[in-house]
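Next up, target-v1.txt (compact mmCIF, C-alpha atoms and all ligand atoms):
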# COMPACT_ATOMS: atom_id res chain seq x y z
CA MET A 1 0.00 0.00 0.00
CA GLU A 2 2.86 2.35 0.89
CA SER A 3 4.50 2.01 -2.52
CA LEU A 4 1.15 2.36 -4.23
CA GLN A 5 0.72 5.67 -2.45
CA LYS A 6 4.08 6.88 -3.68
CA GLU A 7 3.14 5.98 -7.18
CA ILE A 8 -0.09 7.95 -6.97
CA GLU A 9 1.86 10.94 -5.76
CA ALA A 10 4.31 10.65 -8.61
CA ASN A 11 1.57 10.19 -11.15
CA ILE A 12 -0.80 13.06 -10.54
CA ASP A 13 -2.80 13.14 -13.69
CA SER A 14 -2.12 15.98 -16.14
CA SER A 15 -5.86 16.65 -16.53
CA LEU A 16 -6.06 17.01 -12.77
CA VAL A 17 -3.24 19.53 -12.85
CA ALA A 18 -5.10 21.44 -15.56
CA ALA A 19 -8.27 21.48 -13.43
CA LEU A 20 -6.33 22.86 -10.47
CA GLU A 21 -4.82 25.55 -12.66
CA SER A 22 -8.30 26.54 -13.84
CA LEU A 23 -9.44 26.70 -10.24
CA ARG A 24 -6.54 28.96 -9.36
CA LEU A 25 -7.41 31.30 -12.22
CA ALA A 26 -11.14 31.26 -11.53
CA LEU A 27 -10.70 32.09 -7.85
CA GLU A 28 -7.75 34.39 -8.47
CA VAL A 29 -5.78 32.85 -5.64
CA THR A 30 -2.03 32.61 -5.07
CA ARG A 31 -1.77 28.89 -4.73
CA VAL A 32 -3.72 25.65 -5.05
CA THR A 33 -2.24 22.61 -3.26
CA ILE A 34 -3.11 19.01 -2.62
CA PHE A 35 -1.93 17.57 0.69
CA ARG A 36 -1.92 13.98 1.79
CA LEU A 37 -2.95 13.61 5.43
CA LEU A 38 -1.23 11.05 7.63
CA SER A 39 -2.38 10.58 11.17
CA PHE A 40 -0.01 9.52 13.95
CA ASN A 41 -0.55 9.25 17.70
CA ASP A 42 -0.95 12.92 18.56
CA THR A 43 0.24 14.56 15.35
CA TYR A 44 -0.95 14.98 11.81
CA ARG A 45 1.53 14.98 8.98
CA LEU A 46 0.68 16.93 5.84
CA LYS A 47 2.60 15.92 2.76
CA ARG A 48 2.46 18.21 -0.22
CA ILE A 49 1.64 16.25 -3.32
CA CYS A 50 0.86 18.80 -5.95
CA LYS A 51 1.12 22.56 -6.06
CA ILE A 52 -0.07 25.15 -8.55
CA GLN A 53 0.89 28.73 -7.86
CA ARG A 54 0.95 32.12 -9.46
CA ILE A 55 4.37 33.44 -8.53
CA PRO A 56 7.00 30.73 -8.69
CA SER A 57 9.33 32.64 -6.36
CA LEU A 58 6.80 32.33 -3.59
CA SER A 59 7.88 28.81 -2.83
CA MET A 60 6.59 26.94 0.13
CA VAL A 61 8.92 26.57 3.01
CA ARG A 62 8.36 22.90 3.71
CA ASP A 63 7.07 19.88 1.81
CA GLU A 64 6.14 18.00 4.93
CA ILE A 65 4.45 19.61 7.87
CA ASP A 66 3.84 18.03 11.27
CA ILE A 67 1.14 19.61 13.44
CA GLN A 68 -0.01 18.67 16.93
CA LYS A 69 -3.56 17.39 16.73
CA GLU A 70 -4.67 19.56 19.66
CA SER A 71 -3.49 22.78 18.00
CA MET A 72 -5.94 22.24 15.14
CA ALA A 73 -8.83 23.35 17.30
CA SER A 74 -8.82 26.98 16.09
CA LEU A 75 -8.91 25.75 12.46
CA ALA A 76 -11.74 23.34 13.21
CA LYS A 77 -13.82 26.31 14.39
CA LEU A 78 -13.71 27.71 10.85
CA PHE A 79 -15.47 24.69 9.30
CA ASP A 80 -18.68 25.77 7.55
CA GLY A 81 -20.03 22.29 7.01
CA ASN A 82 -18.18 21.72 3.76
CA VAL A 83 -14.91 23.59 3.88
CA PHE A 84 -12.62 25.36 6.33
CA VAL A 85 -12.60 28.99 5.34
CA GLY A 86 -11.11 32.11 6.92
CA HIS A 87 -8.07 34.31 7.50
CA SER A 88 -4.79 33.46 9.20
CA ASP A 89 -5.44 36.05 11.92
CA GLN A 90 -8.47 34.02 13.03
CA LEU A 91 -6.13 31.12 13.93
CA GLU A 92 -4.16 30.52 17.08
CA GLY A 93 -0.91 28.91 18.24
CA GLU A 94 1.12 26.55 16.10
CA VAL A 95 -1.28 26.64 13.15
CA ARG A 96 -1.30 30.42 13.00
CA ILE A 97 2.53 30.50 13.06
CA LEU A 98 2.56 27.98 10.27
CA PHE A 99 0.12 29.93 8.11
CA GLU A 100 1.96 33.17 8.66
CA GLU A 101 5.25 31.52 7.90
CA HIS A 102 3.74 30.70 4.49
CA ARG A 103 2.45 34.31 4.21
CA ILE A 104 -1.09 33.09 3.91
CA ARG A 105 -3.75 35.70 4.50
CA SER A 106 -6.94 33.98 3.39
CA PHE A 107 -7.63 30.32 2.75
CA MET A 108 -10.11 27.62 1.92
CA ILE A 109 -9.43 24.01 2.83
CA ALA A 110 -11.60 21.08 1.70
CA PRO A 111 -11.16 17.49 2.80
CA ILE A 112 -10.51 14.95 0.02
CA VAL A 113 -12.35 11.77 0.88
CA ILE A 114 -11.57 8.47 -0.79
CA ARG A 115 -13.68 5.47 0.17
CA ASP A 116 -14.84 7.10 3.41
CA GLU A 117 -11.30 7.83 4.47
CA ARG A 118 -10.08 11.38 4.89
CA TRP A 119 -7.27 10.98 2.40
CA GLY A 120 -6.01 14.58 2.42
CA PHE A 121 -6.89 18.19 1.66
CA LEU A 122 -7.32 20.49 -1.26
CA THR A 123 -6.32 24.02 -0.29
CA VAL A 124 -6.42 27.43 -1.92
CA VAL A 125 -4.62 30.32 -0.33
CA ASP A 126 -4.43 34.01 -1.02
CA CYS A 127 -1.15 35.58 0.03
CA ALA A 128 -1.94 38.98 -1.47
CA GLN A 129 -5.01 40.03 0.42
CA LYS A 130 -7.38 39.32 3.18
CA ARG A 131 -10.55 38.40 1.38
CA ARG A 132 -13.92 36.80 1.74
CA PHE A 133 -14.76 33.86 -0.49
CA SER A 134 -18.30 34.00 -1.81
CA ASN A 135 -20.71 31.08 -1.43
CA HIS A 136 -20.43 30.53 -5.12
CA GLU A 137 -16.63 30.27 -4.87
CA LYS A 138 -16.91 27.96 -1.90
CA ALA A 139 -19.29 25.73 -3.84
CA ILE A 140 -16.97 25.53 -6.85
CA PHE A 141 -14.06 24.77 -4.57
CA TRP A 142 -15.90 22.09 -2.66
CA ALA A 143 -17.12 20.46 -5.85
CA LEU A 144 -13.59 20.37 -7.20
CA ALA A 145 -12.30 18.76 -3.99
CA ARG A 146 -14.83 16.00 -4.55
CA THR A 147 -13.75 15.63 -8.16
CA VAL A 148 -10.13 15.41 -7.06
CA GLY A 149 -11.15 12.65 -4.64
CA GLU A 150 -12.91 10.75 -7.41
CA SER A 151 -10.01 11.17 -9.77
CA LEU A 152 -7.51 9.96 -7.16
CA LYS A 153 -9.74 7.03 -6.38
CA ARG A 154 -9.84 6.05 -10.02
CA GLN A 155 -6.13 6.39 -10.22
CA GLN A 156 -5.69 4.31 -7.10
CA MET A 157 -7.88 1.61 -8.59
CA PHE A 158 -6.01 1.72 -11.84
CA LEU A 159 -2.66 1.39 -10.07
CA GLN A 160 -4.03 -1.36 -7.88
CA LEU A 161 -5.15 -3.21 -10.97
CA GLN A 162 -1.77 -2.71 -12.54
CA GLN A 163 -0.09 -3.99 -9.41
CA MET A 164 -2.39 -7.01 -9.36
CA LYS A 165 -1.57 -7.63 -12.98
CA LYS A 166 2.13 -7.42 -12.18
CA GLU A 167 1.71 -9.79 -9.26
CA MET A 168 -0.23 -12.18 -11.46
CA GLU A 169 2.51 -12.08 -14.05
CA GLN A 170 5.12 -12.72 -11.37
CA LEU A 171 3.03 -15.55 -10.02
CA ASN A 172 2.74 -17.00 -13.50
CA ALA A 173 6.47 -16.73 -13.94
CA THR A 174 7.20 -18.45 -10.64
CA LEU A 175 4.57 -21.03 -11.42
CA GLN A 176 6.35 -21.72 -14.67
CA LEU A 177 9.63 -22.07 -12.75
CA LYS A 178 8.00 -24.34 -10.21
CA ILE A 179 6.60 -26.54 -12.94
CA GLU A 180 10.00 -26.72 -14.62
CA GLU A 181 11.57 -27.58 -11.26
CA GLU A 182 9.03 -30.36 -10.68
CA VAL A 183 9.56 -31.72 -14.17
CA ARG A 184 13.32 -31.71 -13.55
CA LYS A 185 12.89 -33.47 -10.21
CA ASN A 186 10.65 -36.04 -11.84
CA ARG A 187 13.19 -36.63 -14.55
CA GLU A 188 15.87 -37.08 -11.90
CA LYS A 189 13.63 -39.52 -10.07
CA ASP A 190 13.09 -41.43 -13.31
CA LEU A 191 16.83 -41.51 -13.94
CA MET A 192 17.41 -42.78 -10.43
CA LEU A 193 14.80 -45.49 -10.91
CA ILE A 194 16.31 -46.49 -14.23
CA GLN A 195 19.69 -46.70 -12.52
CA GLN A 196 18.30 -48.78 -9.66
CA SER A 197 16.46 -51.11 -11.96
CA ARG A 198 19.55 -51.45 -14.12
CA TYR A 199 21.51 -52.62 -11.09
CA ALA A 200 18.74 -55.07 -10.31
CA THR A 201 18.76 -56.29 -13.91
CA MET A 202 22.56 -56.61 -13.80
CA GLY A 203 22.30 -58.90 -10.77
CA GLU A 204 19.67 -60.90 -12.61
CA MET A 205 21.90 -61.06 -15.69
CA LEU A 206 24.88 -62.36 -13.71
CA ARG A 207 22.66 -65.08 -12.35
CA ASN A 208 21.58 -65.88 -15.90
CA ILE A 209 25.17 -66.01 -17.12
CA ALA A 210 26.02 -68.33 -14.28
CA HIS A 211 23.19 -70.63 -15.40
CA GLN A 212 24.31 -70.46 -19.01
CA TRP A 213 27.89 -71.32 -18.08
CA ARG A 214 27.07 -74.13 -15.76
CA GLN A 215 26.85 -76.70 -18.56
CA PRO A 216 29.99 -75.74 -20.55
CA LEU A 217 31.92 -75.42 -17.30
CA ASN A 218 30.86 -78.94 -16.33
CA ILE A 219 31.91 -80.26 -19.73
CA LEU A 220 35.27 -78.45 -19.45
CA ALA A 221 35.85 -79.96 -16.03
CA LEU A 222 35.05 -83.43 -17.38
CA LEU A 223 37.36 -82.97 -20.37
CA LEU A 224 40.24 -81.90 -18.12
CA GLN A 225 39.61 -84.81 -15.79
CA ASP A 226 39.64 -87.14 -18.80
CA LEU A 227 42.96 -85.66 -20.02
CA LYS A 228 44.50 -86.25 -16.62
CA GLU A 229 43.30 -89.87 -16.59
CA ALA A 230 44.46 -90.50 -20.18
CA TYR A 231 47.90 -89.28 -19.15
CA GLU A 232 47.94 -91.48 -16.05
CA TYR A 233 46.97 -94.55 -18.09
CA GLY A 234 49.51 -93.71 -20.77
CA GLU A 235 46.80 -93.17 -23.42
CA LEU A 236 47.63 -89.55 -24.12
CA THR A 237 48.76 -89.48 -27.73
CA GLU A 238 49.16 -86.27 -29.72
CA ILE A 239 45.94 -86.95 -31.63
CA TYR A 240 44.10 -87.55 -28.38
CA LEU A 241 45.43 -84.25 -27.03
CA GLN A 242 44.45 -82.38 -30.22
CA LYS A 243 40.91 -83.78 -30.06
CA SER A 244 40.54 -82.83 -26.39
CA ILE A 245 41.79 -79.32 -26.99
CA LYS A 246 39.29 -78.95 -29.85
CA LYS A 247 36.45 -80.09 -27.61
CA CYS A 248 37.54 -77.63 -24.91
CA LEU A 249 37.71 -74.78 -27.41
CA ILE A 250 34.16 -75.50 -28.56
CA GLN A 251 32.92 -75.12 -24.99
CA ILE A 252 34.95 -71.96 -24.48
CA GLN A 253 33.55 -70.63 -27.76
CA HIS A 254 30.09 -71.36 -26.47
CA MET A 255 30.78 -69.46 -23.24
CA SER A 256 32.18 -66.56 -25.17
CA CYS A 257 29.02 -66.47 -27.33
CA THR A 258 26.94 -66.19 -24.18
CA ILE A 259 28.97 -63.21 -23.07
CA ASN A 260 28.47 -61.61 -26.49
CA ASP A 261 24.71 -62.08 -26.26
CA PHE A 262 24.69 -60.36 -22.90
CA ARG A 263 26.93 -57.58 -24.09
CA ASP A 264 24.70 -56.93 -27.08
CA PHE A 265 21.73 -56.88 -24.81
CA PHE A 266 23.28 -54.21 -22.62
CA LYS A 267 24.10 -51.96 -25.52
CA PRO A 268 21.21 -49.50 -25.57
CA HIS A 269 19.91 -48.82 -29.06
CA LYS A 270 20.39 -45.20 -29.88
CA GLU A 271 18.13 -45.23 -32.90
CA ALA A 272 14.78 -46.88 -33.28
CA SER A 273 14.43 -49.67 -35.81
CA SER A 274 11.80 -51.94 -37.30
CA PHE A 275 11.65 -55.47 -36.04
CA ARG A 276 9.32 -58.40 -35.55
CA PRO A 277 8.20 -59.43 -32.06
CA PHE A 278 9.61 -62.90 -32.55
CA GLN A 279 13.13 -61.45 -32.87
CA VAL A 280 13.01 -59.93 -29.41
CA ILE A 281 11.45 -63.04 -27.92
CA ARG A 282 14.36 -65.06 -29.29
CA GLN A 283 16.86 -62.57 -27.91
CA ALA A 284 15.26 -62.64 -24.48
CA LEU A 285 15.12 -66.42 -24.41
CA LYS A 286 18.78 -66.71 -25.37
CA ILE A 287 19.56 -64.92 -22.18
CA ILE A 288 17.06 -66.44 -19.81
CA SER A 289 16.43 -69.95 -21.18
CA ALA A 290 19.20 -71.61 -19.17
CA SER A 291 17.73 -70.37 -15.93
CA LEU A 292 14.20 -71.35 -17.03
CA ASP A 293 15.52 -74.83 -17.86
CA HIS A 294 17.20 -75.00 -14.51
CA TYR A 295 13.87 -74.50 -12.77
CA ASP A 296 12.05 -76.92 -15.10
CA ILE A 297 9.92 -74.28 -16.72
CA GLN A 298 8.46 -75.11 -20.12
CA VAL A 299 8.18 -72.26 -22.60
CA LYS A 300 5.69 -72.61 -25.45
CA ILE A 301 5.72 -70.05 -28.22
CA GLN A 302 2.86 -69.39 -30.56
CA ASN A 303 3.80 -66.88 -33.20
CA GLN A 304 0.72 -65.64 -35.06
CA THR A 305 1.96 -62.52 -36.76
CA LYS A 306 4.58 -61.29 -39.14
CA ALA A 307 3.79 -57.66 -38.45
CA TYR A 308 6.53 -55.21 -37.62
CA ILE A 309 6.99 -52.98 -34.62
CA TYR A 310 9.03 -49.80 -34.68
CA GLY A 311 11.14 -49.02 -31.63
CA TYR A 312 13.98 -50.24 -29.45
CA PRO A 313 14.38 -54.05 -29.51
CA ASN A 314 16.84 -54.31 -26.61
CA GLU A 315 14.53 -52.37 -24.34
CA LEU A 316 11.65 -54.61 -25.37
CA SER A 317 13.80 -57.70 -24.63
CA GLN A 318 14.48 -56.23 -21.22
CA VAL A 319 10.73 -56.05 -20.64
CA LEU A 320 10.28 -59.66 -21.70
CA ILE A 321 13.12 -60.77 -19.44
CA ASN A 322 11.50 -58.91 -16.55
CA LEU A 323 8.16 -60.61 -17.17
CA LEU A 324 9.71 -64.06 -17.58
CA THR A 325 11.84 -63.60 -14.47
CA ASN A 326 8.79 -62.61 -12.45
CA ALA A 327 6.97 -65.75 -13.57
CA ARG A 328 10.02 -67.87 -12.76
CA GLU A 329 10.26 -66.35 -9.27
CA GLU A 330 6.57 -66.98 -8.68
CA PHE A 331 6.86 -70.66 -9.68
CA VAL A 332 9.73 -71.14 -7.25
CA ARG A 333 8.12 -69.17 -4.42
CA ARG A 334 4.85 -71.09 -4.65
CA GLN A 335 6.59 -74.38 -5.37
CA ILE A 336 4.35 -75.06 -8.35
CA GLU A 337 4.90 -78.52 -9.81
CA GLU A 338 3.79 -78.19 -13.40
CA ARG A 339 5.48 -75.00 -14.70
CA SER A 340 4.59 -73.50 -18.07
CA ILE A 341 4.86 -70.13 -19.77
CA TRP A 342 2.99 -69.47 -22.99
CA ILE A 343 4.20 -66.66 -25.21
CA ARG A 344 1.84 -65.67 -27.99
CA THR A 345 2.20 -62.92 -30.60
CA PHE A 346 -0.65 -61.64 -32.71
CA ALA A 347 -1.76 -58.44 -34.42
CA ASP A 348 -4.76 -56.49 -35.59
CA GLU A 349 -4.97 -53.57 -38.00
CA ASP A 350 -3.25 -51.11 -35.66
CA PHE A 351 -1.43 -53.01 -32.94
CA VAL A 352 0.94 -55.87 -32.35
CA TYR A 353 0.48 -57.87 -29.15
CA ILE A 354 2.86 -60.02 -27.14
CA GLU A 355 1.09 -62.03 -24.50
CA ILE A 356 2.95 -63.79 -21.71
CA LYS A 357 0.88 -66.17 -19.68
CA ASP A 358 1.93 -68.41 -16.82
CA ASN A 359 0.34 -70.93 -14.47
CA ALA A 360 2.13 -69.70 -11.37
CA GLY A 361 -0.98 -68.98 -9.31
CA GLY A 362 -1.82 -65.38 -10.19
CA ILE A 363 -1.04 -61.97 -8.78
CA ASP A 364 -1.42 -61.22 -5.08
CA GLU A 365 -4.75 -59.39 -4.65
CA SER A 366 -3.37 -56.84 -2.21
CA ILE A 367 -0.95 -55.38 -4.75
CA TYR A 368 -2.97 -55.91 -7.91
CA PRO A 369 -4.31 -52.31 -8.08
CA TYR A 370 -0.79 -50.87 -7.65
CA LEU A 371 1.07 -53.43 -9.72
CA PHE A 372 2.76 -50.90 -12.00
CA LYS A 373 3.69 -48.41 -9.30
CA PRO A 374 7.35 -48.27 -8.23
CA TYR A 375 8.51 -50.18 -5.13
CA VAL A 376 5.49 -52.48 -5.07
CA THR A 377 6.75 -55.96 -4.31
CA THR A 378 5.80 -59.11 -2.40
CA LYS A 379 9.35 -60.43 -2.37
CA LYS A 380 11.77 -60.20 0.52
CA GLU A 381 14.52 -59.02 -1.75
CA GLY A 382 12.39 -57.55 -4.49
CA THR A 383 12.89 -54.01 -5.78
CA GLY A 384 9.36 -53.53 -7.06
CA LEU A 385 10.82 -51.75 -10.06
CA GLY A 386 10.54 -54.42 -12.74
CA LEU A 387 6.96 -53.84 -13.79
CA TYR A 388 7.19 -50.09 -13.31
CA MET A 389 10.16 -49.93 -15.68
CA ALA A 390 8.54 -52.33 -18.10
CA LYS A 391 5.48 -50.15 -18.30
CA MET A 392 7.62 -47.04 -18.74
CA ILE A 393 9.58 -48.59 -21.63
CA ILE A 394 6.44 -49.76 -23.40
CA THR A 395 4.66 -46.43 -22.89
CA LYS A 396 7.66 -44.60 -24.30
CA MET A 397 7.36 -46.73 -27.41
CA GLY A 398 3.75 -45.55 -27.76
CA GLY A 399 2.18 -48.73 -26.43
CA ASP A 400 0.79 -50.14 -23.23
CA LEU A 401 1.41 -52.99 -20.81
CA SER A 402 -1.50 -54.55 -18.95
CA ALA A 403 -1.94 -57.40 -16.52
CA HIS A 404 -4.69 -59.88 -15.92
CA SER A 405 -4.79 -62.30 -13.06
CA GLU A 406 -6.68 -65.54 -12.51
CA LYS A 407 -6.52 -68.23 -9.89
CA ASN A 408 -4.43 -70.33 -12.20
CA GLY A 409 -1.95 -67.69 -13.28
CA ALA A 410 -1.15 -64.25 -14.60
CA THR A 411 -1.22 -62.87 -18.12
CA PHE A 412 0.76 -59.82 -19.16
CA THR A 413 -0.02 -58.24 -22.50
CA ILE A 414 2.28 -55.87 -24.33
CA CYS A 415 0.55 -53.83 -26.97
CA LEU A 416 2.59 -51.78 -29.44
CA PRO A 417 1.63 -49.71 -32.47
CA ARG A 418 2.01 -51.68 -35.62
CA LYS A 419 4.32 -50.40 -38.29
CA LYS A 420 2.22 -49.83 -41.36
CA GLU A 421 4.58 -51.52 -43.84
CA GLY A 422 4.95 -55.28 -43.92
CA ARG A 423 1.32 -56.32 -44.29
CA GLY A 424 -0.06 -59.70 -43.39
CA LEU A 425 -1.32 -60.77 -40.00
N1 LIG B 501 3.73 -63.51 -13.21
C1 LIG B 501 3.41 -63.09 -11.97
N2 LIG B 501 2.62 -63.85 -11.16
C2 LIG B 501 2.28 -63.44 -9.95
N3 LIG B 501 2.69 -62.27 -9.38
C3 LIG B 501 3.48 -61.48 -10.13
C4 LIG B 501 3.88 -61.82 -11.44
N4 LIG B 501 4.64 -60.83 -11.93
C5 LIG B 501 4.71 -59.90 -10.96
N5 LIG B 501 4.04 -60.26 -9.87
C6 LIG B 501 3.88 -59.51 -8.61
O1 LIG B 501 4.19 -58.15 -8.86
C7 LIG B 501 5.18 -57.70 -7.96
C8 LIG B 501 6.02 -56.62 -8.60
O2 LIG B 501 6.87 -57.13 -9.60
P1 LIG B 501 8.13 -56.30 -10.05
O3 LIG B 501 7.69 -54.92 -10.34
O4 LIG B 501 8.83 -57.03 -11.12
O5 LIG B 501 9.02 -56.21 -8.73
P2 LIG B 501 9.80 -57.38 -7.98
O6 LIG B 501 9.95 -58.49 -8.97
O7 LIG B 501 11.07 -56.75 -7.56
O8 LIG B 501 8.93 -57.76 -6.82
C9 LIG B 501 5.94 -58.92 -7.55
O9 LIG B 501 6.53 -58.76 -6.28
C10 LIG B 501 4.84 -59.99 -7.55
O10 LIG B 501 4.13 -59.99 -6.32
MG MG B 502 10.54 -58.36 -10.98

Represent the structure from my file as structure tokens, please.
Ligand SMILES: Nc1ncnc2c1ncn2[C@@H]1O[C@H](COP(=O)(O)OP(=O)(O)O)[C@@H](O)[C@H]1O
Ligand SMILES: [Mg+2]
Amino acid sequence: MESLQKEIEANIDSSLVAALESLRLALEVTRVTIFRLLSFNDTYRLKRICKIQRIPSLSMVRDEIDIQKESMASLAKLFDGNVFVGHSDQLEGEVRILFEEHRIRSFMIAPIVIRDERWGFLTVVDCAQKRRFSNHEKAIFWALARTVGESLKRQQMFLQLQQMKKEMEQLNATLQLKIEEEVRKNREKDLMLIQQSRYATMGEMLRNIAHQWRQPLNILALLLQDLKEAYEYGELTEIYLQKSIKKCLIQIQHMSCTINDFRDFFKPHKEASSFRPFQVIRQALKIISASLDHYDIQVKIQNQTKAYIYGYPNELSQVLINLLTNAREEFVRRQIEERSIWIRTFADEDFVYIEIKDNAGGIDESIYPYLFKPYVTTKKEGTGLGLYMAKMIITKMGGDLSAHSEKNGATFTICLPRKKEGRGL
């Protein structure tokens, strides 16, 4: 409010100034002034806001005048119902000194009221002569004081509106900043989740590699054992040695291939490409099949489409591995005897679907509504990030991931936009 006041004072309207000048001419007075009135404990402060006067050299002594409230009594006596009117020699004490200091001989003072508050005063003074103001002059003067009040009120409203507009704009700007900040935080959270889930996937991958290597490592151990025995029994000829080395190298080759598969899988695709769902299923199974075998889980694939998807195959494989791992964990946790996973691909005009169905007993009812939220897990060492990430990856590729649960098992369906080329269901 304080600053608004200052702005009003600095912005006295030019038409208002013109009106005051006309008043000065019409009444033939020395000076017309607008004062702002501030009320303190036992003093009034009058601040000069605008001054129109005939002789510039007759400057006012002070811009701000403090007067004791009690010494205003002699002025109050001169109130005629509308304006204070009289001569300086009718005043007493501090006020009279003040008026004489300003060489005022006759005066009229009218209160300026804005919204029921005595905002200030409009004054006209005659320093040249002691004179009587006629009723007509008093009426004009009083009417102008009211006009000044109205004009200031309008100005106040205008400035208030402007200030509100400014505040709104600032608010908008900070809102914008806040939104950007939130978006940034969210992105950071996403990055953190991706990081966390990547670590989880890495652990899972190491376990898968261990499963994949178990067989070749066993064979290698057997081959070495056999070499040792052949030597002990004196059967180790050069040909025998060559054959054994060849067999060992085949196993090592096999292990190296596994590592390559995993390395390829961890290379994120920078650019999107077109591919068929079966390709990613094969890639995922290459990585996880050893561990599925280990737990006696049958995988049955029914491929019913040749349609293409456009996107990131490694990311999609990651989703499949997540879903297959979840099923595997559920089979083990519930100690299911007959363990099967059915993978089915099919398509319609617009979408390609990959359905992964298991008979592991279905999804726990208590978490079903929050299944795709982060950190939702029923496992002691679960992260609860697998399905959340899977959904995120699929959504980013323009598709959707949904779950359906029955007593017998769970079905997860990946739905992705079909690439329009490569017709044929
Ligand atoms: N095929 C499934 N059958 C039954 N429950 C499942 C299956 N897949 C996921 N769930 C449930 O969803 C939860 C969340 O899975 P996920 O997001 O991968 O996190 P995590 O595997 O770390 O628990 C699992 O803890 C499990 O309770
Ligand atoms: Mg999981």

Nearby polymer residues, ligand LIG 501 (chain B), at most 8 Å, all atoms listed in the file, as a compact mmCIF listing (two decimals) with C-alpha atoms, in the frame of the given file:
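Done, and the output landed in out-v8.txt:
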# COMPACT_ATOMS: atom_id res chain seq x y z
CA ASN A 322 11.50 -58.91 -16.55
CA LEU A 323 8.16 -60.61 -17.17
CA LEU A 324 9.71 -64.06 -17.58
CA THR A 325 11.84 -63.60 -14.47
CA ASN A 326 8.79 -62.61 -12.45
CA ALA A 327 6.97 -65.75 -13.57
CA ARG A 328 10.02 -67.87 -12.76
CA GLU A 329 10.26 -66.35 -9.27
CA GLU A 330 6.57 -66.98 -8.68
CA LYS A 357 0.88 -66.17 -19.68
CA ASP A 358 1.93 -68.41 -16.82
CA ALA A 360 2.13 -69.70 -11.37
CA GLY A 361 -0.98 -68.98 -9.31
CA GLY A 362 -1.82 -65.38 -10.19
CA ILE A 363 -1.04 -61.97 -8.78
CA ASP A 364 -1.42 -61.22 -5.08
CA ILE A 367 -0.95 -55.38 -4.75
CA TYR A 368 -2.97 -55.91 -7.91
CA LEU A 371 1.07 -53.43 -9.72
CA PHE A 372 2.76 -50.90 -12.00
CA LYS A 373 3.69 -48.41 -9.30
CA PRO A 374 7.35 -48.27 -8.23
CA TYR A 375 8.51 -50.18 -5.13
CA VAL A 376 5.49 -52.48 -5.07
CA THR A 377 6.75 -55.96 -4.31
CA THR A 378 5.80 -59.11 -2.40
CA LYS A 379 9.35 -60.43 -2.37
CA GLU A 381 14.52 -59.02 -1.75
CA GLY A 382 12.39 -57.55 -4.49
CA THR A 383 12.89 -54.01 -5.78
CA GLY A 384 9.36 -53.53 -7.06
CA LEU A 385 10.82 -51.75 -10.06
CA GLY A 386 10.54 -54.42 -12.74
CA LEU A 387 6.96 -53.84 -13.79
CA TYR A 388 7.19 -50.09 -13.31
CA MET A 389 10.16 -49.93 -15.68
CA SER A 405 -4.79 -62.30 -13.06
CA GLY A 409 -1.95 -67.69 -13.28
CA ALA A 410 -1.15 -64.25 -14.60
CA THR A 411 -1.22 -62.87 -18.12
CA PHE A 412 0.76 -59.82 -19.16

- For each of A:Thr30, A:Asn172, A:Gln162, A:Thr43, take the minimum atom-to-atom distance to Met108 of chain A, counting only C-alpha atoms, then give the residue where this is smallest. A:Thr30

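Candidate residues A:Glu204, A:Phe79, A:Ala73, A:Glu150 were compared for distance to ligand MG 502 (chain B), and the nearest is A:Glu204, using all atoms listed in the file.
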
- Query: For ligand MG 502 (chain B), which of A:Met205, A:Ile321, A:Ile67, A:Met164 is the closest residue, counting all atoms listed in the file?
  - Reply: A:Ile321

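The interatomic distance for the pair atom CA of Gln253 of chain A and atom CA of Glu232 of chain A works out to 27.9 Å.
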